[in-house]
Every structure is written in C-alpha cells, then in structure tokens.
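Printed here is my_file.csv (CSV, C-alpha atoms):
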chain,number,residue,atom,x,y,z
B,1,MET,CA,-11.8,12.8,8.2
B,2,GLY,CA,-10.2,9.4,8.8
B,3,MET,CA,-8.1,8.8,11.8
B,4,ALA,CA,-4.5,7.5,11.6
B,5,SER,CA,-4.1,3.8,12.6
B,6,ALA,CA,-2.7,3.4,16.1
B,7,ALA,CA,-1.5,-0.1,15.4
B,8,PRO,CA,2.2,-1.0,16.0
B,9,MET,CA,4.7,-1.1,13.2
B,10,SER,CA,3.4,-3.5,10.6
B,11,CYS,CA,5.3,-6.7,9.8
B,12,PHE,CA,4.9,-5.7,6.1
B,13,VAL,CA,7.2,-2.6,6.4
B,14,PRO,CA,10.6,-3.5,5.0
B,15,ARG,CA,13.8,-2.8,6.9
B,16,PHE,CA,14.9,0.9,6.7
B,17,SER,CA,17.4,3.3,8.0
B,18,ALA,CA,16.5,6.4,10.0
B,19,VAL,CA,16.4,9.6,7.9
B,20,ARG,CA,19.6,11.6,8.0
B,21,ALA,CA,19.7,15.4,8.8
B,22,SER,CA,21.1,16.1,5.4
B,23,GLU,CA,18.3,14.2,3.7
B,24,LEU,CA,15.7,16.0,5.8
B,25,ASP,CA,17.2,19.4,4.8
B,26,LYS,CA,17.2,18.5,1.1
B,27,PHE,CA,13.6,17.3,1.3
B,28,ARG,CA,12.5,20.5,3.1
B,29,SER,CA,14.2,22.5,0.3
B,30,PHE,CA,12.4,20.4,-2.4
B,31,LEU,CA,9.0,21.1,-0.7
B,32,ASP,CA,9.8,24.8,-0.2
B,33,ARG,CA,10.6,25.2,-3.9
B,34,SER,CA,7.4,23.4,-5.0
B,35,ARG,CA,4.4,25.6,-5.8
B,36,ARG,CA,2.3,23.0,-7.7
B,37,LEU,CA,3.2,19.6,-6.3
B,38,ILE,CA,1.9,16.3,-7.6
B,39,VAL,CA,2.3,13.3,-5.2
B,40,VAL,CA,2.2,9.8,-6.6
B,41,THR,CA,1.7,7.0,-4.0
B,42,GLY,CA,2.1,3.3,-4.1
B,43,ALA,CA,1.5,0.3,-1.9
B,44,GLY,CA,4.4,1.4,0.4
B,45,VAL,CA,2.3,4.1,2.0
B,46,SER,CA,-0.3,1.5,3.1
B,47,THR,CA,2.1,-1.1,4.7
B,48,GLU,CA,1.9,0.7,8.0
B,49,SER,CA,-1.9,0.1,7.9
B,50,GLY,CA,-1.2,-3.7,7.7
B,51,ILE,CA,-1.6,-4.1,3.9
B,52,PRO,CA,1.5,-5.7,2.2
B,53,ASP,CA,3.1,-4.4,-0.9
B,54,TYR,CA,4.1,-6.6,-3.8
B,55,ARG,CA,7.9,-6.1,-4.3
B,56,SER,CA,9.6,-5.0,-1.0
B,57,GLU,CA,12.6,-7.2,-0.1
B,58,GLY,CA,11.7,-9.9,2.4
B,59,VAL,CA,8.2,-8.7,3.1
B,60,GLY,CA,6.5,-8.1,-0.2
B,61,VAL,CA,4.0,-10.6,-1.5
B,62,TYR,CA,6.2,-11.6,-4.4
B,63,ASN,CA,9.1,-12.3,-2.0
B,64,ARG,CA,7.0,-14.4,0.4
B,65,SER,CA,5.0,-16.5,-1.9
B,66,ASP,CA,4.3,-17.5,-5.5
B,67,HIS,CA,1.1,-15.4,-5.5
B,68,ARG,CA,0.4,-13.4,-8.7
B,69,PRO,CA,-2.7,-11.3,-9.2
B,70,VAL,CA,-5.3,-12.4,-11.7
B,71,THR,CA,-4.8,-10.7,-15.1
B,72,HIS,CA,-7.4,-8.9,-17.1
B,73,GLN,CA,-7.5,-11.5,-19.8
B,74,GLN,CA,-7.8,-14.4,-17.3
B,75,PHE,CA,-10.8,-12.7,-15.6
B,76,LEU,CA,-12.6,-12.0,-18.9
B,77,GLU,CA,-12.0,-15.3,-20.6
B,78,SER,CA,-12.3,-17.9,-17.8
B,79,SER,CA,-15.4,-18.5,-15.7
B,80,HIS,CA,-13.2,-20.5,-13.3
B,81,ALA,CA,-10.8,-17.5,-12.9
B,82,ARG,CA,-13.8,-15.3,-12.0
B,83,GLN,CA,-15.1,-17.9,-9.6
B,84,ARG,CA,-11.6,-18.2,-7.9
B,85,TYR,CA,-11.3,-14.4,-7.8
B,86,TRP,CA,-14.6,-13.7,-6.2
B,87,ALA,CA,-14.4,-16.6,-3.7
B,88,ARG,CA,-11.0,-15.4,-2.5
B,89,ASN,CA,-12.1,-11.7,-2.5
B,90,TYR,CA,-15.2,-12.6,-0.5
B,91,VAL,CA,-13.1,-14.2,2.2
B,92,GLY,CA,-10.6,-11.4,2.3
B,93,TRP,CA,-13.0,-8.4,2.1
B,94,PRO,CA,-13.9,-8.1,5.8
B,95,SER,CA,-10.3,-7.7,6.7
B,96,PHE,CA,-9.2,-5.7,3.7
B,97,SER,CA,-12.1,-3.2,3.9
B,98,ALA,CA,-11.5,-2.6,7.7
B,99,HIS,CA,-8.0,-1.2,7.3
B,100,THR,CA,-7.6,2.4,8.4
B,101,PRO,CA,-5.4,5.3,7.2
B,102,ASN,CA,-2.0,5.7,8.8
B,103,THR,CA,0.3,8.7,9.3
B,104,ASN,CA,1.1,8.9,5.5
B,105,HIS,CA,-2.5,9.3,4.5
B,106,VAL,CA,-3.3,11.8,7.2
B,107,ILE,CA,-0.3,14.0,6.5
B,108,LEU,CA,-1.0,14.1,2.8
B,109,LYS,CA,-4.6,15.1,3.6
B,110,GLN,CA,-3.2,17.9,5.8
B,111,TRP,CA,-0.9,19.0,2.9
B,112,GLU,CA,-4.0,19.2,0.7
B,113,ASP,CA,-5.8,21.4,3.3
B,114,LEU,CA,-2.7,23.6,3.6
B,115,GLY,CA,-2.3,24.0,-0.2
B,116,ARG,CA,1.0,22.2,-0.2
B,117,LEU,CA,-0.3,19.5,-2.5
B,118,ASP,CA,-1.9,20.3,-5.8
B,119,TRP,CA,-3.0,16.8,-6.7
B,120,LEU,CA,-2.6,13.2,-5.4
B,121,VAL,CA,-2.3,10.2,-7.7
B,122,THR,CA,-2.5,6.8,-6.0
B,123,GLN,CA,-1.9,3.4,-7.5
B,124,ASN,CA,-3.6,1.8,-4.5
B,125,VAL,CA,-7.1,0.4,-4.6
B,126,ASP,CA,-7.6,0.3,-0.9
B,127,ALA,CA,-9.4,3.7,-0.6
B,128,LEU,CA,-7.2,4.7,2.4
B,129,HIS,CA,-6.6,8.2,0.9
B,130,THR,CA,-10.3,8.9,0.6
B,131,LYS,CA,-10.9,7.4,4.1
B,132,ALA,CA,-8.4,10.0,5.3
B,133,GLY,CA,-10.4,12.7,3.7
B,134,SER,CA,-8.4,13.4,0.5
B,135,GLU,CA,-10.5,15.0,-2.2
B,136,ARG,CA,-8.0,16.1,-4.8
B,137,VAL,CA,-7.1,12.5,-5.8
B,138,THR,CA,-7.0,10.3,-8.8
B,139,GLU,CA,-7.2,6.5,-8.2
B,140,LEU,CA,-5.0,5.5,-11.1
B,141,HIS,CA,-5.9,1.8,-10.9
B,142,GLY,CA,-9.4,2.2,-9.6
B,143,CYS,CA,-10.9,1.3,-6.2
B,144,ALA,CA,-11.8,-2.1,-4.8
B,145,HIS,CA,-14.7,-0.6,-2.9
B,146,ARG,CA,-16.7,-0.3,-6.2
B,147,VAL,CA,-18.0,-2.9,-8.6
B,148,HIS,CA,-19.3,-2.5,-12.1
B,149,CYS,CA,-21.1,-4.7,-14.6
B,150,LEU,CA,-19.2,-5.4,-17.8
B,151,SER,CA,-22.5,-5.6,-19.8
B,152,CYS,CA,-24.8,-2.7,-18.6
B,153,GLY,CA,-22.1,-0.6,-16.8
B,154,GLU,CA,-24.1,-0.3,-13.6
B,155,GLU,CA,-21.9,0.5,-10.6
B,156,SER,CA,-22.5,-0.7,-7.1
B,157,SER,CA,-20.9,-0.8,-3.7
B,158,ARG,CA,-18.6,-3.7,-2.8
B,159,PHE,CA,-20.2,-3.7,0.7
B,160,ASP,CA,-23.6,-4.3,-0.9
B,161,LEU,CA,-22.1,-7.1,-3.0
B,162,GLN,CA,-20.7,-8.8,0.1
B,163,LYS,CA,-24.2,-9.1,1.5
B,164,ARG,CA,-25.5,-10.5,-1.8
B,165,ILE,CA,-22.7,-13.1,-1.9
B,166,GLU,CA,-23.3,-14.1,1.7
B,167,HIS,CA,-27.0,-14.6,0.9
B,168,GLU,CA,-26.3,-16.6,-2.3
B,169,ASN,CA,-23.6,-18.8,-0.5
B,170,PRO,CA,-25.1,-19.5,2.9
B,171,HIS,CA,-23.0,-22.6,3.5
B,172,PHE,CA,-19.7,-21.4,2.1
B,173,SER,CA,-16.8,-21.5,4.5
B,174,ALA,CA,-13.1,-21.0,3.9
B,175,THR,CA,-10.0,-20.0,5.9
B,176,SER,CA,-7.6,-17.5,4.4
B,177,ILE,CA,-3.9,-18.3,4.3
B,178,ASP,CA,-2.4,-15.0,3.0
B,179,VAL,CA,-3.3,-11.5,2.0
B,180,ALA,CA,-2.4,-9.3,-0.9
B,181,PRO,CA,-2.5,-5.5,-1.7
B,182,ASP,CA,-5.7,-5.9,-3.7
B,183,GLY,CA,-7.6,-7.8,-0.9
B,184,ASP,CA,-6.9,-11.2,-2.5
B,185,VAL,CA,-6.3,-14.1,-0.1
B,186,LYS,CA,-5.3,-17.7,-0.5
B,187,ILE,CA,-8.0,-20.4,0.1
B,188,ALA,CA,-8.2,-24.1,-0.6
B,189,GLU,CA,-9.2,-24.9,-4.2
B,190,GLU,CA,-11.9,-27.2,-2.8
B,191,ALA,CA,-13.6,-24.2,-1.3
B,192,VAL,CA,-13.4,-22.3,-4.6
B,193,GLU,CA,-15.3,-25.1,-6.4
B,194,MET,CA,-18.3,-24.7,-4.0
B,195,PHE,CA,-18.6,-20.9,-4.5
B,196,ARG,CA,-21.5,-19.4,-6.4
B,197,VAL,CA,-20.4,-16.4,-8.5
B,198,PRO,CA,-22.6,-13.3,-8.2
B,199,ALA,CA,-24.0,-11.7,-11.3
B,200,CYS,CA,-25.3,-8.2,-12.0
B,201,GLY,CA,-28.6,-7.7,-10.3
B,202,SER,CA,-29.9,-5.7,-13.2
B,203,CYS,CA,-28.9,-7.6,-16.3
B,204,GLY,CA,-27.2,-10.8,-15.2
B,205,GLY,CA,-23.9,-9.7,-16.6
B,206,ILE,CA,-20.4,-10.3,-15.4
B,207,LEU,CA,-19.4,-8.3,-12.3
B,208,LYS,CA,-15.9,-6.9,-12.0
B,209,PRO,CA,-14.2,-4.8,-9.3
B,210,HIS,CA,-13.7,-1.3,-10.4
B,211,VAL,CA,-9.9,-1.8,-10.6
B,212,VAL,CA,-7.4,-2.0,-13.4
B,213,PHE,CA,-6.1,-5.6,-13.4
B,214,PHE,CA,-2.7,-6.5,-14.6
B,215,GLY,CA,-2.7,-6.5,-18.4
B,216,ASP,CA,-5.5,-3.9,-18.6
B,217,ASN,CA,-5.1,-0.2,-19.5
B,218,VAL,CA,-5.8,2.9,-17.5
B,219,PRO,CA,-8.8,4.6,-19.1
B,220,PRO,CA,-7.9,7.2,-21.8
B,221,HIS,CA,-9.7,10.1,-20.0
B,222,THR,CA,-7.6,9.4,-16.9
B,223,LYS,CA,-4.4,9.4,-18.9
B,224,ARG,CA,-5.3,12.7,-20.5
B,225,ASP,CA,-6.3,14.3,-17.3
B,226,LEU,CA,-3.1,13.4,-15.6
B,227,GLU,CA,-1.0,14.5,-18.5
B,228,SER,CA,-2.6,17.9,-18.1
B,229,LYS,CA,-2.0,18.0,-14.4
B,230,ILE,CA,1.7,17.0,-14.8
B,231,SER,CA,2.1,19.8,-17.4
B,232,GLU,CA,0.7,22.3,-15.0
B,233,ALA,CA,2.8,21.1,-12.0
B,234,ASP,CA,6.3,22.2,-11.2
B,235,SER,CA,7.3,19.2,-9.2
B,236,ILE,CA,6.4,15.6,-8.5
B,237,LEU,CA,7.0,13.4,-5.5
B,238,ALA,CA,6.7,9.6,-5.6
B,239,ILE,CA,6.1,7.9,-2.2
B,240,GLY,CA,6.1,4.2,-1.4
B,241,THR,CA,6.3,2.9,-4.9
B,242,SER,CA,8.9,1.1,-7.1
B,243,LEU,CA,7.2,2.6,-10.1
B,244,GLN,CA,7.4,-0.7,-12.0
B,245,THR,CA,4.0,-0.3,-13.6
B,246,TYR,CA,4.3,1.9,-16.7
B,247,SER,CA,1.1,3.7,-15.8
B,248,SER,CA,2.9,5.4,-12.9
B,249,TYR,CA,6.4,5.4,-14.4
B,250,ARG,CA,5.1,7.4,-17.4
B,251,LEU,CA,4.1,10.3,-15.1
B,252,LEU,CA,7.7,10.7,-14.0
B,253,LEU,CA,9.0,10.3,-17.6
B,254,GLN,CA,6.7,13.2,-18.6
B,255,ALA,CA,7.9,15.3,-15.6
B,256,LYS,CA,11.5,14.7,-16.6
B,257,GLU,CA,10.9,15.6,-20.2
B,258,GLN,CA,9.2,18.8,-19.1
B,259,HIS,CA,12.0,19.6,-16.7
B,260,LYS,CA,10.0,19.3,-13.5
B,261,SER,CA,11.7,18.7,-10.1
B,262,ILE,CA,11.4,15.0,-9.1
B,263,ALA,CA,11.8,13.5,-5.7
B,264,ILE,CA,11.4,9.8,-4.7
B,265,LEU,CA,10.8,8.6,-1.2
B,266,ASN,CA,10.9,4.8,-1.2
B,267,ILE,CA,12.6,1.9,0.7
B,268,GLY,CA,14.5,0.2,-2.0
B,269,PRO,CA,15.3,0.9,-5.7
B,270,THR,CA,12.7,2.2,-8.2
B,271,ARG,CA,12.4,2.2,-11.9
B,272,ALA,CA,12.7,6.0,-12.0
B,273,ASP,CA,15.8,6.4,-9.7
B,274,SER,CA,17.8,7.8,-12.7
B,275,LEU,CA,15.1,10.5,-13.3
B,276,ALA,CA,15.1,11.8,-9.8
B,277,ASN,CA,16.7,15.0,-8.5
B,278,LEU,CA,16.4,13.6,-5.0
B,279,LYS,CA,16.0,10.0,-3.7
B,280,ILE,CA,15.6,9.2,-0.1
B,281,GLU,CA,15.3,5.6,1.3
B,282,THR,CA,13.6,5.7,4.7
B,283,LEU,CA,10.2,5.2,6.3
B,284,SER,CA,7.9,7.7,4.6
B,285,SER,CA,5.8,8.5,7.7
B,286,GLU,CA,9.0,9.3,9.6
B,287,LEU,CA,10.1,11.8,7.0
B,288,LEU,CA,6.7,13.3,6.4
B,289,SER,CA,6.2,13.8,10.1
B,290,LYS,CA,9.3,16.0,10.3
B,291,VAL,CA,8.3,18.5,7.6

Mind turning the file's structure into structure tokens?
Amino acid sequence: MGMASAAPMSCFVPRFSAVRASELDKFRSFLDRSRRLIVVTGAGVSTESGIPDYRSEGVGVYNRSDHRPVTHQQFLESSHARQRYWARNYVGWPSFSAHTPNTNHVILKQWEDLGRLDWLVTQNVDALHTKAGSERVTELHGCAHRVHCLSCGEESSRFDLQKRIEHENPHFSATSIDVAPDGDVKIAEEAVEMFRVPACGSCGGILKPHVVFFGDNVPPHTKRDLESKISEADSILAIGTSLQTYSSYRLLLQAKEQHKSIAILNIGPTRADSLANLKIETLSSELLSKV
C-alpha cells in the first residue's frame, strides 16, 4: 500500500476556508446514509502531492500560463505535435512519475477496505490512487503510466519507454519550465526539433499514452460499466473536481435523474453545483481526516 506524502502544503493548493462544524455534521450524515457510495475524483485530490490542477483560481495551470493540452486530433494528424508531446513528456516524466499519494488517496483506500466506498472513479492519469492501493477504481481518462500502439494495439510500460527514449536520444537535453496535471512540461522549441520520436517496437506504429486526450471519447465499455455502477449506487461524492468535462459531469447528471444523493467537495464552483444536495468548499484532506 502506498504511503501518504509527507511534503508540506503544495503551492498548487488554492486558498480555502477551514471546515465549519455544521458542514462536518452534514458530511457525516451524508456518509452515514450512504450504503453504496461512488466517489468521483479530479485533479484537486492530487494538488497536495505537488501536481497542479487546470482550473483553480490563482494556482491552476490555465490561470498561470497559456498552456493547453494537446488534443486528440492534433496528436493523430501532426507528426510535429507528436514530437513536441513526447519530447516534453520525456523531460517531465521523472518528476511526474515520482509523485506519491497524499492523505486523500490513502483515506479513500481505507474507505474501500472498510466497505464505505463501493467504487472510485478518477479523472486523473497520475496513478496515485493505485499507488495508494485502491483496487475498486476506474481510471476514466486512462493512465499516463501505460502506452499503447495505435496500429497493433500492443501495450507497454511508460517506464520502459523512458529507457528506450533515452537510448534513442543520447544527446538530448532540455530544461523544463512548468508542469501540468498530465505530466507535460514546457521546454524550448529548439530542443523539440532535436528530439527523436519513439515508435512501436513491434510494428513501428505510432505510440500514444493510454490516456483520453481532450477531444477524444471515453471508451464505450467504460461508459456502460459506469452507467451500471451509478444505477446500483445510492449516493455519489465528487472530490477535487470542477466537473467541467462532460465525461465526469454526466455521472452526476445520471445520479440526479435517478434521485441519488449527491455531495460535492471542491474549492471553488463546479459545473454540477445545482445538482448537489450538499456542497462544501474546503481542503478535502482536512474534511476526510475528520470522518
């Protein structure tokens, strides 16, 4: 089982107010009534591990820079986009892959062990829930720790690919300027031009991280599976997510349509605030630690 990060409060955590006693009582009541609880997590649960989110006021990537993730269409259609993606990902991977679970991840694993959590759905691609030991989990947008070939479908480890890239780019050197929730970093375009893009070792096809890029769709079988799990649940809790992506928002829409109890724990507004029976804006680890 993964250990919680002992690092001080990350600079990527947005400003928040301490949880009020009345909010704590309402949250405990929500959990006590829940018999089959689905938890949906977003980038906000990983900020305390040192990984930024996209949208938080003042500290999110979109608020600090003009960074925008590569889209699915760009990656498929442009060899330069793939070269840029893999060069930046190669530089950012050692730091991104070294992040460790924090209190949020560890407590949710404890809930799983205690039977308080029926299923966990994460939008994050950082693997921190699985590092913490969670097993009843769906990685809605995939996982950056896996790579697959778009031609033959072969899957491989991102760690193994890192070794291959290093071998094929022995003189490549670049300094990262910033970091993003998907492990992307900023590097000079001159460095990108010198980068040799890895190909599938089996068929020479295009390699892609096993993640759902912006503009791509969640696999149909994942959608069907989660629709079934929401139908069987009696409550849903969203933690650390603004729910701006429809793939996650639709889960709460379904829960609302089926009259499930809905709670949201997030610093700042979310797309689903009007759907929630309970909304609390405070540091998630602080609240989770008290129940």

Contacts of Lys208 (chain B) at 9 Å (only C-alpha atoms; same-chain gap of 6+ positions) as a count of residues only:
7

Need to verify the contact set: region 181-194 of chain B, 6 Å, all atoms listed in the file, exclusion of same-chain residues closer than 6 positions in sequence. Can you return it as a list in words?
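The residues that qualify are Ile51, Pro52, Asp53, Arg84, Ala87, Arg88, Asn89, Gly92 and Phe96 of chain B.
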
What's the separation between CA of Ser285 (chain B) and CA of Thr222 (chain B), in Å to one decimal place?
28.0 Å

Which of these residues is nearest to Ala127 (chain B), using only C-alpha atoms: B:Glu166, B:Glu139, B:Asp25, B:Asp113?
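Between B:Glu166, B:Glu139, B:Asp25, B:Asp113, the residue approaching Ala127 (chain B) most closely is B:Glu139.
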
May I ask for the distance between CA of Val197 (chain B) and CA of Gln74 (chain B), given in Å to one decimal place?
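The value is 15.5 Å.
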
Please write as a ChimeraX atom specification the list of polymer residues whose atoms come within 10 Å of (-14.9, -4.4, 3.7), counting all atoms listed in the file and keeping to the coordinates of the file.
/B:89-90,92-99,126,144-145,158-160,162,183

Name all residues at most 12 Å from Ala43 (chain B) (count only C-alpha atoms; drop same-chain ones fewer than 2 positions away) and give them as an mmCIF file with C-alpha atoms, keeping the file's coordinate frame.
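The new file selection-v6.cif reads:
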data_model
loop_
_atom_site.group_PDB
_atom_site.id
_atom_site.type_symbol
_atom_site.label_atom_id
_atom_site.label_comp_id
_atom_site.auth_asym_id
_atom_site.auth_seq_id
_atom_site.Cartn_x
_atom_site.Cartn_y
_atom_site.Cartn_z
ATOM 1 C CA PHE B 12 4.900 -5.700 6.100
ATOM 2 C CA VAL B 13 7.200 -2.600 6.400
ATOM 3 C CA VAL B 40 2.200 9.800 -6.600
ATOM 4 C CA THR B 41 1.700 7.000 -4.000
ATOM 5 C CA VAL B 45 2.300 4.100 2.000
ATOM 6 C CA SER B 46 -0.300 1.500 3.100
ATOM 7 C CA THR B 47 2.100 -1.100 4.700
ATOM 8 C CA GLU B 48 1.900 0.700 8.000
ATOM 9 C CA SER B 49 -1.900 0.100 7.900
ATOM 10 C CA GLY B 50 -1.200 -3.700 7.700
ATOM 11 C CA ILE B 51 -1.600 -4.100 3.900
ATOM 12 C CA PRO B 52 1.500 -5.700 2.200
ATOM 13 C CA ASP B 53 3.100 -4.400 -0.900
ATOM 14 C CA TYR B 54 4.100 -6.600 -3.800
ATOM 15 C CA ARG B 55 7.900 -6.100 -4.300
ATOM 16 C CA SER B 56 9.600 -5.000 -1.000
ATOM 17 C CA GLY B 60 6.500 -8.100 -0.200
ATOM 18 C CA VAL B 61 4.000 -10.600 -1.500
ATOM 19 C CA ASN B 104 1.100 8.900 5.500
ATOM 20 C CA HIS B 105 -2.500 9.300 4.500
ATOM 21 C CA THR B 122 -2.500 6.800 -6.000
ATOM 22 C CA GLN B 123 -1.900 3.400 -7.500
ATOM 23 C CA ASN B 124 -3.600 1.800 -4.500
ATOM 24 C CA VAL B 125 -7.100 0.400 -4.600
ATOM 25 C CA ASP B 126 -7.600 0.300 -0.900
ATOM 26 C CA ALA B 127 -9.400 3.700 -0.600
ATOM 27 C CA LEU B 128 -7.200 4.700 2.400
ATOM 28 C CA HIS B 129 -6.600 8.200 0.900
ATOM 29 C CA HIS B 141 -5.900 1.800 -10.900
ATOM 30 C CA ALA B 180 -2.400 -9.300 -0.900
ATOM 31 C CA PRO B 181 -2.500 -5.500 -1.700
ATOM 32 C CA ASP B 182 -5.700 -5.900 -3.700
ATOM 33 C CA ALA B 238 6.700 9.600 -5.600
ATOM 34 C CA ILE B 239 6.100 7.900 -2.200
ATOM 35 C CA GLY B 240 6.100 4.200 -1.400
ATOM 36 C CA THR B 241 6.300 2.900 -4.900
ATOM 37 C CA SER B 242 8.900 1.100 -7.100
ATOM 38 C CA LEU B 243 7.200 2.600 -10.100
ATOM 39 C CA GLN B 244 7.400 -0.700 -12.000
ATOM 40 C CA THR B 245 4.000 -0.300 -13.600
ATOM 41 C CA ASN B 266 10.900 4.800 -1.200
ATOM 42 C CA ILE B 267 12.600 1.900 0.700
ATOM 43 C CA SER B 284 7.900 7.700 4.600
#

Write out as a PyMOL selection string each polymer residue whose atoms come within 12 Å of His221 (chain B), counting only C-alpha atoms; drop sequence neighbours fewer than 5 positions from it.
chain B and resi 138+140+226-228

Have a look at CA of Glu232 (chain B) and CA of Gly115 (chain B) and let me know their distance in Å, one decimal.
15.2 Å

From the options B:Phe27, B:Tyr85, B:Tyr249, B:Phe172, which residue's atoms come nearest to Leu288 (chain B), counting all atoms listed in the file?
B:Phe27

Kindly extract all protein, DNA and RNA residues lying within 9 Å of the coordinates (5.2, 11.8, -7.6) given in the file, considering all atoms listed in the file, and supply them as a count of residues only.
18

Select, from B:Gly44, B:Pro209, B:Gly268, B:Pro101, the residue with the minimum atom-to-atom distance to Val70 (chain B), counting only C-alpha atoms.
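Among the listed residues, the smallest separation from Val70 (chain B) belongs to B:Pro209.
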
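Of the listed residues (B:Leu161, B:Ile230, B:Ala276, B:Cys200), B:Ile230 comes nearest to Gln254 (chain B); the distances count only C-alpha atoms.
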
With all atoms listed in the file as the atoms that count, which of B:Thr71, B:Ser151, B:Ser22, B:Ser202 lies nearest to Leu278 (chain B)?
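Under the stated criterion, the closest residue is B:Ser22.
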
Kindly reconstruct region 119-127 of chain B with all heavy atoms and present the result as a PDB file, in the frame of the given file.
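The file below, rebuild_20.pdb, is the result:
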ATOM      1  N   TRP B 119      -2.200  17.973  -6.325  1.00  0.00           N
ATOM      2  CA  TRP B 119      -3.000  16.800  -6.700  1.00  0.00           C
ATOM      3  C   TRP B 119      -2.307  15.528  -6.223  1.00  0.00           C
ATOM      4  O   TRP B 119      -1.069  15.478  -6.162  1.00  0.00           O
ATOM      5  CB  TRP B 119      -3.234  16.729  -8.203  1.00  0.00           C
ATOM      6  CG  TRP B 119      -4.422  15.893  -8.562  1.00  0.00           C
ATOM      7  CD1 TRP B 119      -4.427  14.591  -8.964  1.00  0.00           C
ATOM      8  CD2 TRP B 119      -5.795  16.299  -8.519  1.00  0.00           C
ATOM      9  NE1 TRP B 119      -5.722  14.154  -9.181  1.00  0.00           N
ATOM     10  CE2 TRP B 119      -6.581  15.190  -8.904  1.00  0.00           C
ATOM     11  CE3 TRP B 119      -6.436  17.503  -8.191  1.00  0.00           C
ATOM     12  CZ2 TRP B 119      -7.965  15.247  -8.973  1.00  0.00           C
ATOM     13  CZ3 TRP B 119      -7.818  17.550  -8.257  1.00  0.00           C
ATOM     14  CH2 TRP B 119      -8.570  16.432  -8.651  1.00  0.00           C
ATOM     15  N   LEU B 120      -3.097  14.534  -5.875  1.00  0.00           N
ATOM     16  CA  LEU B 120      -2.600  13.200  -5.400  1.00  0.00           C
ATOM     17  C   LEU B 120      -3.008  12.162  -6.407  1.00  0.00           C
ATOM     18  O   LEU B 120      -4.180  12.077  -6.790  1.00  0.00           O
ATOM     19  CB  LEU B 120      -3.163  12.924  -4.031  1.00  0.00           C
ATOM     20  CG  LEU B 120      -2.890  11.546  -3.421  1.00  0.00           C
ATOM     21  CD1 LEU B 120      -1.398  11.368  -3.161  1.00  0.00           C
ATOM     22  CD2 LEU B 120      -3.669  11.389  -2.116  1.00  0.00           C
ATOM     23  N   VAL B 121      -2.045  11.346  -6.827  1.00  0.00           N
ATOM     24  CA  VAL B 121      -2.300  10.200  -7.700  1.00  0.00           C
ATOM     25  C   VAL B 121      -1.912   8.952  -6.941  1.00  0.00           C
ATOM     26  O   VAL B 121      -0.752   8.808  -6.536  1.00  0.00           O
ATOM     27  CB  VAL B 121      -1.495  10.286  -9.008  1.00  0.00           C
ATOM     28  CG1 VAL B 121      -1.839   9.101  -9.918  1.00  0.00           C
ATOM     29  CG2 VAL B 121      -1.736  11.606  -9.717  1.00  0.00           C
ATOM     30  N   THR B 122      -2.847   8.047  -6.717  1.00  0.00           N
ATOM     31  CA  THR B 122      -2.500   6.800  -6.000  1.00  0.00           C
ATOM     32  C   THR B 122      -2.712   5.606  -6.909  1.00  0.00           C
ATOM     33  O   THR B 122      -3.682   5.527  -7.667  1.00  0.00           O
ATOM     34  CB  THR B 122      -3.327   6.647  -4.714  1.00  0.00           C
ATOM     35  OG1 THR B 122      -2.876   5.467  -4.027  1.00  0.00           O
ATOM     36  CG2 THR B 122      -4.826   6.529  -4.993  1.00  0.00           C
ATOM     37  N   GLN B 123      -1.763   4.675  -6.814  1.00  0.00           N
ATOM     38  CA  GLN B 123      -1.900   3.400  -7.500  1.00  0.00           C
ATOM     39  C   GLN B 123      -2.678   2.392  -6.691  1.00  0.00           C
ATOM     40  O   GLN B 123      -3.016   1.320  -7.181  1.00  0.00           O
ATOM     41  CB  GLN B 123      -0.509   2.834  -7.822  1.00  0.00           C
ATOM     42  CG  GLN B 123       0.370   3.738  -8.668  1.00  0.00           C
ATOM     43  CD  GLN B 123       1.807   3.276  -8.663  1.00  0.00           C
ATOM     44  OE1 GLN B 123       2.152   2.317  -9.353  1.00  0.00           O
ATOM     45  NE2 GLN B 123       2.661   3.944  -7.906  1.00  0.00           N
ATOM     46  N   ASN B 124      -2.941   2.728  -5.437  1.00  0.00           N
ATOM     47  CA  ASN B 124      -3.600   1.800  -4.500  1.00  0.00           C
ATOM     48  C   ASN B 124      -5.084   1.725  -4.735  1.00  0.00           C
ATOM     49  O   ASN B 124      -5.716   2.722  -5.091  1.00  0.00           O
ATOM     50  CB  ASN B 124      -3.275   2.200  -3.072  1.00  0.00           C
ATOM     51  CG  ASN B 124      -1.792   2.256  -2.785  1.00  0.00           C
ATOM     52  OD1 ASN B 124      -1.004   1.590  -3.464  1.00  0.00           O
ATOM     53  ND2 ASN B 124      -1.399   3.044  -1.800  1.00  0.00           N
ATOM     54  N   VAL B 125      -5.648   0.555  -4.483  1.00  0.00           N
ATOM     55  CA  VAL B 125      -7.100   0.400  -4.600  1.00  0.00           C
ATOM     56  C   VAL B 125      -7.773   0.195  -3.297  1.00  0.00           C
ATOM     57  O   VAL B 125      -8.921  -0.224  -3.224  1.00  0.00           O
ATOM     58  CB  VAL B 125      -7.366  -0.879  -5.538  1.00  0.00           C
ATOM     59  CG1 VAL B 125      -6.759  -0.704  -6.919  1.00  0.00           C
ATOM     60  CG2 VAL B 125      -6.861  -2.174  -4.889  1.00  0.00           C
ATOM     61  N   ASP B 126      -7.065   0.552  -2.214  1.00  0.00           N
ATOM     62  CA  ASP B 126      -7.600   0.300  -0.900  1.00  0.00           C
ATOM     63  C   ASP B 126      -8.435   1.412  -0.280  1.00  0.00           C
ATOM     64  O   ASP B 126      -8.967   1.280   0.825  1.00  0.00           O
ATOM     65  CB  ASP B 126      -6.391   0.028   0.099  1.00  0.00           C
ATOM     66  CG  ASP B 126      -5.329   1.123   0.071  1.00  0.00           C
ATOM     67  OD1 ASP B 126      -5.674   2.308  -0.157  1.00  0.00           O
ATOM     68  OD2 ASP B 126      -4.135   0.800   0.280  1.00  0.00           O
ATOM     69  N   ALA B 127      -8.578   2.530  -0.976  1.00  0.00           N
ATOM     70  CA  ALA B 127      -9.400   3.700  -0.600  1.00  0.00           C
ATOM     71  C   ALA B 127      -8.936   4.369   0.699  1.00  0.00           C
ATOM     72  O   ALA B 127      -9.666   5.174   1.267  1.00  0.00           O
ATOM     73  CB  ALA B 127     -10.879   3.216  -0.370  1.00  0.00           C
TER      74      ALA B 127
END
